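Shown here: protein30.txt, compact mmCIF, C-alpha atoms.
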# COMPACT_ATOMS: atom_id res chain seq x y z
CA MET K 1 -35.58 47.61 143.24
CA PRO K 2 -33.55 45.69 140.62
CA PRO K 3 -34.18 41.94 140.35
CA ARG K 4 -31.90 39.77 142.43
CA PRO K 5 -29.77 37.35 140.40
CA LEU K 6 -30.84 33.75 140.84
CA GLU K 7 -28.04 31.90 142.53
CA ILE K 8 -27.68 28.15 142.43
CA GLY K 9 -28.36 26.87 145.92
CA PRO K 10 -27.10 23.74 147.70
CA ALA K 11 -29.72 21.43 146.14
CA GLY K 12 -28.90 22.76 142.68
CA GLN K 13 -25.20 22.18 143.30
CA VAL K 14 -25.83 18.61 144.44
CA ALA K 15 -28.04 18.02 141.39
CA ALA K 16 -25.40 19.36 139.01
CA ARG K 17 -22.73 17.05 140.43
CA ALA K 18 -25.12 14.08 140.42
CA ILE K 19 -26.12 14.69 136.79
CA GLU K 20 -22.49 14.80 135.71
CA ARG K 21 -21.59 11.72 137.77
CA LEU K 22 -24.54 9.66 136.53
CA ARG K 23 -24.04 10.76 132.93
CA ALA K 24 -20.41 9.65 133.04
CA ALA K 25 -21.32 6.38 134.78
CA ARG K 26 -23.85 5.62 132.02
CA GLY K 27 -21.22 6.42 129.38
CA TYR K 28 -23.17 9.29 127.82
CA SER K 29 -21.55 12.37 126.37
CA GLN K 30 -23.28 15.68 127.02
CA ARG K 31 -24.51 15.59 123.41
CA GLN K 32 -25.98 12.12 123.89
CA LEU K 33 -27.74 13.01 127.13
CA SER K 34 -29.11 16.27 125.75
CA ALA K 35 -30.45 14.33 122.74
CA ARG K 36 -32.14 11.84 125.08
CA VAL K 37 -33.70 14.67 127.09
CA THR K 38 -34.87 16.35 123.87
CA ALA K 39 -36.38 13.06 122.66
CA LEU K 40 -38.45 13.00 125.85
CA GLY K 41 -40.04 16.29 124.78
CA ARG K 42 -37.91 18.68 126.81
CA PRO K 43 -35.60 20.37 124.27
CA MET K 44 -32.09 20.82 125.68
CA THR K 45 -28.84 21.58 123.91
CA PHE K 46 -25.57 20.10 125.05
CA THR K 47 -24.46 23.66 125.85
CA GLN K 48 -27.36 24.01 128.30
CA LEU K 49 -26.50 20.66 129.86
CA SER K 50 -22.86 21.70 130.16
CA ARG K 51 -23.92 24.91 131.91
CA VAL K 52 -26.12 22.95 134.31
CA GLU K 53 -23.23 20.61 135.17
CA ARG K 54 -20.84 23.55 135.62
CA GLN K 55 -23.39 25.23 137.88
CA VAL K 56 -23.76 28.35 135.76
CA TRP K 57 -27.31 27.61 134.56
CA ARG K 58 -30.27 26.96 136.83
CA CYS K 59 -32.10 23.77 136.01
CA ASP K 60 -35.85 23.97 136.59
CA ILE K 61 -37.87 21.04 137.91
CA ASP K 62 -39.14 20.05 134.45
CA ASP K 63 -35.56 19.88 133.17
CA LEU K 64 -34.55 17.90 136.23
CA VAL K 65 -37.32 15.34 135.79
CA ALA K 66 -36.48 14.93 132.08
CA ILE K 67 -32.76 14.55 132.84
CA ALA K 68 -33.49 11.99 135.58
CA THR K 69 -35.71 10.02 133.22
CA ALA K 70 -33.11 10.15 130.44
CA LEU K 71 -30.50 8.88 132.90
CA GLY K 72 -32.78 6.06 134.03
CA THR K 73 -33.05 7.58 137.50
CA PRO K 74 -36.76 8.10 138.02
CA ARG K 75 -36.22 8.95 141.67
CA THR K 76 -35.56 12.65 141.14
CA PRO K 77 -34.78 13.22 144.84
CA SER K 78 -31.65 11.15 144.34
CA LEU K 79 -30.38 13.99 142.18
CA VAL K 80 -30.91 16.73 144.74
CA MET K 81 -30.37 15.06 148.10
CA PRO K 82 -26.78 14.59 149.27
CA ALA K 83 -25.75 10.94 149.55
CA SER K 84 -25.25 11.23 153.31
CA LEU K 85 -28.88 12.27 153.78
CA ARG K 86 -30.16 9.56 151.42
CA ARG K 87 -28.37 6.90 153.50
CA ARG K 88 -29.73 8.34 156.74
CA SER K 89 -33.22 8.54 155.26
CA ARG K 90 -33.16 4.91 154.08
CA ARG K 91 -31.96 3.69 157.49
CA GLY K 92 -34.75 5.62 159.19
CA GLN K 93 -37.41 4.14 156.92
CA HIS K 94 -36.45 0.59 157.85
CA SER K 95 -36.25 1.18 161.57
CA ARG K 96 -39.46 3.19 162.08
CA ARG K 97 -42.36 1.53 163.78
CA SER K 98 -45.91 2.68 163.74
CA PRO K 99 -46.89 4.64 166.85
CA VAL K 100 -50.19 2.74 166.73
CA GLY K 101 -48.38 -0.57 167.00
CA GLN K 102 -46.39 0.61 170.00
CA THR K 103 -49.06 2.22 172.16
CA GLY K 104 -52.39 1.28 170.66
CA ASP K 105 -53.26 4.97 170.38
CA PRO K 106 -53.32 6.77 167.05
CA PRO K 107 -50.60 9.38 166.53
CA ASP K 108 -51.45 13.02 167.27
CA HIS K 109 -51.75 15.13 164.13

Encoded form using structure tokens:
Amino acid sequence: MPPRPLEIGPAGQVAARAIERLRAARGYSQRQLSARVTALGRPMTFTQLSRVERQVWRCDIDDLVAIATALGTPRTPSLVMPASLRRRSRRGQHSRRSPVGQTGDPPDH
């Protein structure tokens, strides 16, 4: 059976848009960001970065972590989680209460 081409999934698409948006917001060109990523020890050409942003090149997790660090966004999940889910997740974190505090019994695991 021939190998299946690796498609860029929804998380990869969100990451590509986030990288481009954050890069532009920081005022970096693709050359500048690729140089920053390379300086962190993860060699990347501006052509590779362009392909990631255009969603024609799959970015692996090591690339993603290096790009996030170079962009000053250490929270890598912010690159792959849609903004609507991030907002929902943050609201949920603030409103959760410990089941122990509510009933006195430990939660079932």

Pairwise distance for atom CA of K:Phe46 and atom CA of K:Ile8, rounded to one decimal in Å: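 It comes out at 19.3 Å.
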
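Here atom CA of K:Ile61 stands at a distance of 21.7 Å from atom CA of K:Arg26.
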
Go ahead and compute the interatomic distance for atom CA of K:Ala70 and atom CA of K:Ile19, in Å to one decimal.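 Interatomic distance here is 10.5 Å.
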
From the list K:Val56, K:Leu49, K:Val80, K:Ala68, which residue is nearest K:Ser29 when using all atoms listed in the file?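 Of K:Val56, K:Leu49, K:Val80, K:Ala68, the one nearest K:Ser29, counting all atoms listed in the file, is K:Leu49.
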
Pick from K:Glu53, K:Arg58, K:Thr69, K:Asp63: nearest to K:Glu7, with all atoms listed in the file counted?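 Closest to K:Glu7, using all atoms listed in the file: K:Arg58.
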
Can you pull out every residue within 12 Å of K:Gly41, counting only C-alpha atoms, but drop anything in the same chain fewer than 4 positions away, and send it as a ChimeraX atom specification? /K:34-37,62-63,65-67,69-70

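Among the candidates K:Asp60, K:Ser50, K:Ala18, K:Gly9, the one nearest to K:Gln32 when counting only C-alpha atoms is K:Ser50.
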
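Each of K:Pro10, K:Gly72, K:Thr47, K:Ala15 was checked against K:Arg31 using all atoms listed in the file; the smallest atom-to-atom distance is that of K:Thr47.
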
Write out as JSON, numbers by chain each polymer residue whose atoms come within 7 Å of stretch 20-24 of chain K, counting only C-alpha atoms; drop sequence neighbours fewer than 3 positions from it. {"K": [16, 17, 27, 28, 53, 71]}

Of the candidates K:Ala25, K:Leu6, K:Trp57, K:Gln30, which one gets nearest to K:Thr45 if we count all atoms listed in the file?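 Of the candidates, the smallest distance to K:Thr45 is held by K:Gln30.
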